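Colleague: This is the structure I want to talk about, given as structure tokens.
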Amino acid sequence: QVQLVESGGGLVQAGGSLRLSCAASGTMFSINAMGWYRQAPGKQRELVARITSIGSTMYSDSVKGRFTISRDNAKNTVYLQMNSLKPEDTAVYFCNARNTYGMDYWGKGTLVTVSY
């Protein structure tokens with residue numbers, strides 16, 4: 001089992017920045033990728049960014065150039081630095097971990113609200 005705890009959400013004005021953190025614990029040896037998803041009201045959950053165990057990253061087109069995902073393997077923590085935030089970035093952000101068998105683990109989410 002893997003447990004994920006997100007932190008760092010909050011209210012920010014458009015153009016501002018936030019950094020989300022996801023602390024992972026449990027059986028981490030089989031985890032080969034971690035990422036961030038988000039879900040806005042009335043919308044489906046969507047992938048925001050992902051980072052593999054070897055550091056390869058990918059981003060959705062909507063956040064490319066504004067968000068940066070990183071990981072500290074020693075701390076089992078993944079970060080999402082979000083800059084130039086827009087109101088349309090408002091959502092609950094979920095941390096995800098995927099193991100080599102394709103099983104997904106999820107955190108409970110942290111709310112990010114971007115005001116005009």
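Numbering starts fresh at 1 for the residues of each chain in the structure tokens, the chains themselves are lettered A, B, ... in the order given, and ligands are numbered from 1 as they appear.
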Just want the 6 Å neighbourhood of range 96-109 of chain A, counted on only C-alpha atoms, with same-chain residues fewer than 4 positions away dropped. Output as a list in words.

Modeller: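 Once the adjacent positions are removed, what remains is Leu4, Val5, Ser30, Ile31, Asn32, Ala33, Met34, Gly35, Trp36 and Val92 of chain A.
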
Colleague: Quick one: residues within 7 Å of Gln3 in chain A, only C-alpha atoms counted, chain neighbours fewer than 4 positions away excluded, as a VMD selection string?

Modeller: chain A and resid 24 to 26

Colleague: Go ahead and save the picked residues with all heavy atoms, as a JSON list (two decimals), in the first residue's frame.

Modeller:
[["chain", "number", "residue", "atom", "x", "y", "z"],
["A", 24, "ALA", "N", 4.75, 10.88, 0.12],
["A", 24, "ALA", "CA", 4.37, 9.48, -0.08],
["A", 24, "ALA", "C", 5.00, 8.60, 0.98],
["A", 24, "ALA", "O", 6.12, 8.85, 1.43],
["A", 24, "ALA", "CB", 4.81, 9.02, -1.46],
["A", 25, "SER", "N", 4.28, 7.56, 1.36],
["A", 25, "SER", "CA", 4.81, 6.59, 2.32],
["A", 25, "SER", "C", 4.25, 5.22, 2.00],
["A", 25, "SER", "O", 3.27, 5.09, 1.26],
["A", 25, "SER", "CB", 4.46, 6.99, 3.76],
["A", 25, "SER", "OG", 3.05, 7.04, 3.92],
["A", 26, "GLY", "N", 4.88, 4.20, 2.56],
["A", 26, "GLY", "CA", 4.41, 2.85, 2.32],
["A", 26, "GLY", "C", 5.35, 2.10, 1.38],
["A", 26, "GLY", "O", 6.55, 2.35, 1.36]]

Colleague: List as a list in words the protein and nucleic acid residues near Arg71 in chain A, meaning an atom at most 12 Å away when only C-alpha atoms are counted, but skip any in the same chain fewer than 5 places from it.

Modeller: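 Final neighbour list, sorted by chain and number: Leu20, Ser21, Cys22, Ala23, Ala24, Ala33, Met34, Gly35, Trp36, Ala49, Arg50, Ile51, Thr52, Ser53, Ile54, Gly55, Ser56, Thr57, Asn76, Thr77, Val78, Tyr79, Leu80 and Gln81 of chain A.
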
Colleague: Identify which of the residues A:Asn73, A:Ser17, A:Ser60, A:Gln1 lies closest to Val112 in chain A, counting only C-alpha atoms when measuring atom-to-atom distances.

Modeller: A:Ser17

Colleague: For Met82 in chain A, which residue among A:Val48, A:Leu18, A:Leu11, A:Cys95 is the nearest when counting only C-alpha atoms?

Modeller: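 So, comparing all the options, the nearest one is A:Leu18.
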
Colleague: To one decimal place in Å, what is the distance between CA of Val63 in chain A and CA of Ala91 in chain A?

Modeller: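 Between CA of Val63 in chain A and CA of Ala91 in chain A the gap is 13.2 Å.
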
Colleague: As an MDAnalysis selection string, which residues of chain A does DSSP assign to strand (DSSP E)?

Modeller: chainID A and resid 2:7 10:13 18:26 31:39 46:52 57:59 67:72 77:82 91:99 104:106 110:115

Colleague: If we count only C-alpha atoms and set the cut-off at 9 Å, which residues sit around Val12 in chain A, ignoring sequence neighbours fewer than 2 positions away in its own chain? Please answer as a PDB file with N, CA, C and O atoms, in the first residue's frame.

Modeller:
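File produced: selection.pdb:
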ATOM      1  N   GLY A  10      -4.557  26.503  -1.769  1.00  0.00           N
ATOM      2  CA  GLY A  10      -5.041  27.724  -1.146  1.00  0.00           C
ATOM      3  C   GLY A  10      -5.632  28.670  -2.161  1.00  0.00           C
ATOM      4  O   GLY A  10      -5.897  28.290  -3.308  1.00  0.00           O
ATOM      5  N   ALA A  14      -4.959  35.722  -9.679  1.00  0.00           N
ATOM      6  CA  ALA A  14      -4.461  35.405 -11.016  1.00  0.00           C
ATOM      7  C   ALA A  14      -3.076  36.021 -11.222  1.00  0.00           C
ATOM      8  O   ALA A  14      -2.834  37.162 -10.816  1.00  0.00           O
ATOM      9  N   GLY A  15      -2.199  35.246 -11.807  1.00  0.00           N
ATOM     10  CA  GLY A  15      -0.823  35.667 -11.999  1.00  0.00           C
ATOM     11  C   GLY A  15       0.114  35.244 -10.883  1.00  0.00           C
ATOM     12  O   GLY A  15       1.338  35.363 -11.018  1.00  0.00           O
ATOM     13  N   GLY A  16      -0.449  34.771  -9.798  1.00  0.00           N
ATOM     14  CA  GLY A  16       0.351  34.364  -8.653  1.00  0.00           C
ATOM     15  C   GLY A  16       0.882  32.956  -8.774  1.00  0.00           C
ATOM     16  O   GLY A  16       0.731  32.296  -9.812  1.00  0.00           O
ATOM     17  N   SER A  17       1.519  32.498  -7.698  1.00  0.00           N
ATOM     18  CA  SER A  17       2.161  31.183  -7.685  1.00  0.00           C
ATOM     19  C   SER A  17       1.780  30.399  -6.430  1.00  0.00           C
ATOM     20  O   SER A  17       1.475  30.991  -5.388  1.00  0.00           O
ATOM     21  N   LEU A  18       1.830  29.098  -6.564  1.00  0.00           N
ATOM     22  CA  LEU A  18       1.656  28.184  -5.436  1.00  0.00           C
ATOM     23  C   LEU A  18       2.551  26.976  -5.675  1.00  0.00           C
ATOM     24  O   LEU A  18       2.836  26.639  -6.830  1.00  0.00           O
ATOM     25  N   LEU A  85      -0.634  31.609 -12.492  1.00  0.00           N
ATOM     26  CA  LEU A  85      -1.907  30.916 -12.333  1.00  0.00           C
ATOM     27  C   LEU A  85      -3.057  31.699 -12.945  1.00  0.00           C
ATOM     28  O   LEU A  85      -3.062  32.943 -12.935  1.00  0.00           O
ATOM     29  N   VAL A 112      -7.164  24.293  -4.913  1.00  0.00           N
ATOM     30  CA  VAL A 112      -6.499  25.498  -5.413  1.00  0.00           C
ATOM     31  C   VAL A 112      -7.571  26.401  -6.018  1.00  0.00           C
ATOM     32  O   VAL A 112      -8.306  25.974  -6.902  1.00  0.00           O
ATOM     33  N   THR A 113      -7.636  27.614  -5.517  1.00  0.00           N
ATOM     34  CA  THR A 113      -8.603  28.589  -6.023  1.00  0.00           C
ATOM     35  C   THR A 113      -7.846  29.805  -6.528  1.00  0.00           C
ATOM     36  O   THR A 113      -7.086  30.414  -5.776  1.00  0.00           O
ATOM     37  N   VAL A 114      -8.076  30.149  -7.783  1.00  0.00           N
ATOM     38  CA  VAL A 114      -7.418  31.307  -8.389  1.00  0.00           C
ATOM     39  C   VAL A 114      -8.482  32.350  -8.680  1.00  0.00           C
ATOM     40  O   VAL A 114      -9.407  32.099  -9.452  1.00  0.00           O
ATOM     41  N   SER A 115      -8.353  33.508  -8.050  1.00  0.00           N
ATOM     42  CA  SER A 115      -9.344  34.559  -8.212  1.00  0.00           C
ATOM     43  C   SER A 115      -8.924  35.532  -9.301  1.00  0.00           C
ATOM     44  O   SER A 115      -7.741  35.670  -9.622  1.00  0.00           O
TER      45      SER A 115
END

Colleague: Could you work out how far CA of Ile69 in chain A lies from CA of Glu46 in chain A, giving the answer in Å with one decimal?

Modeller: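 Computed distance, CA of Glu46 in chain A to CA of Ile69 in chain A, equals 15.4 Å.
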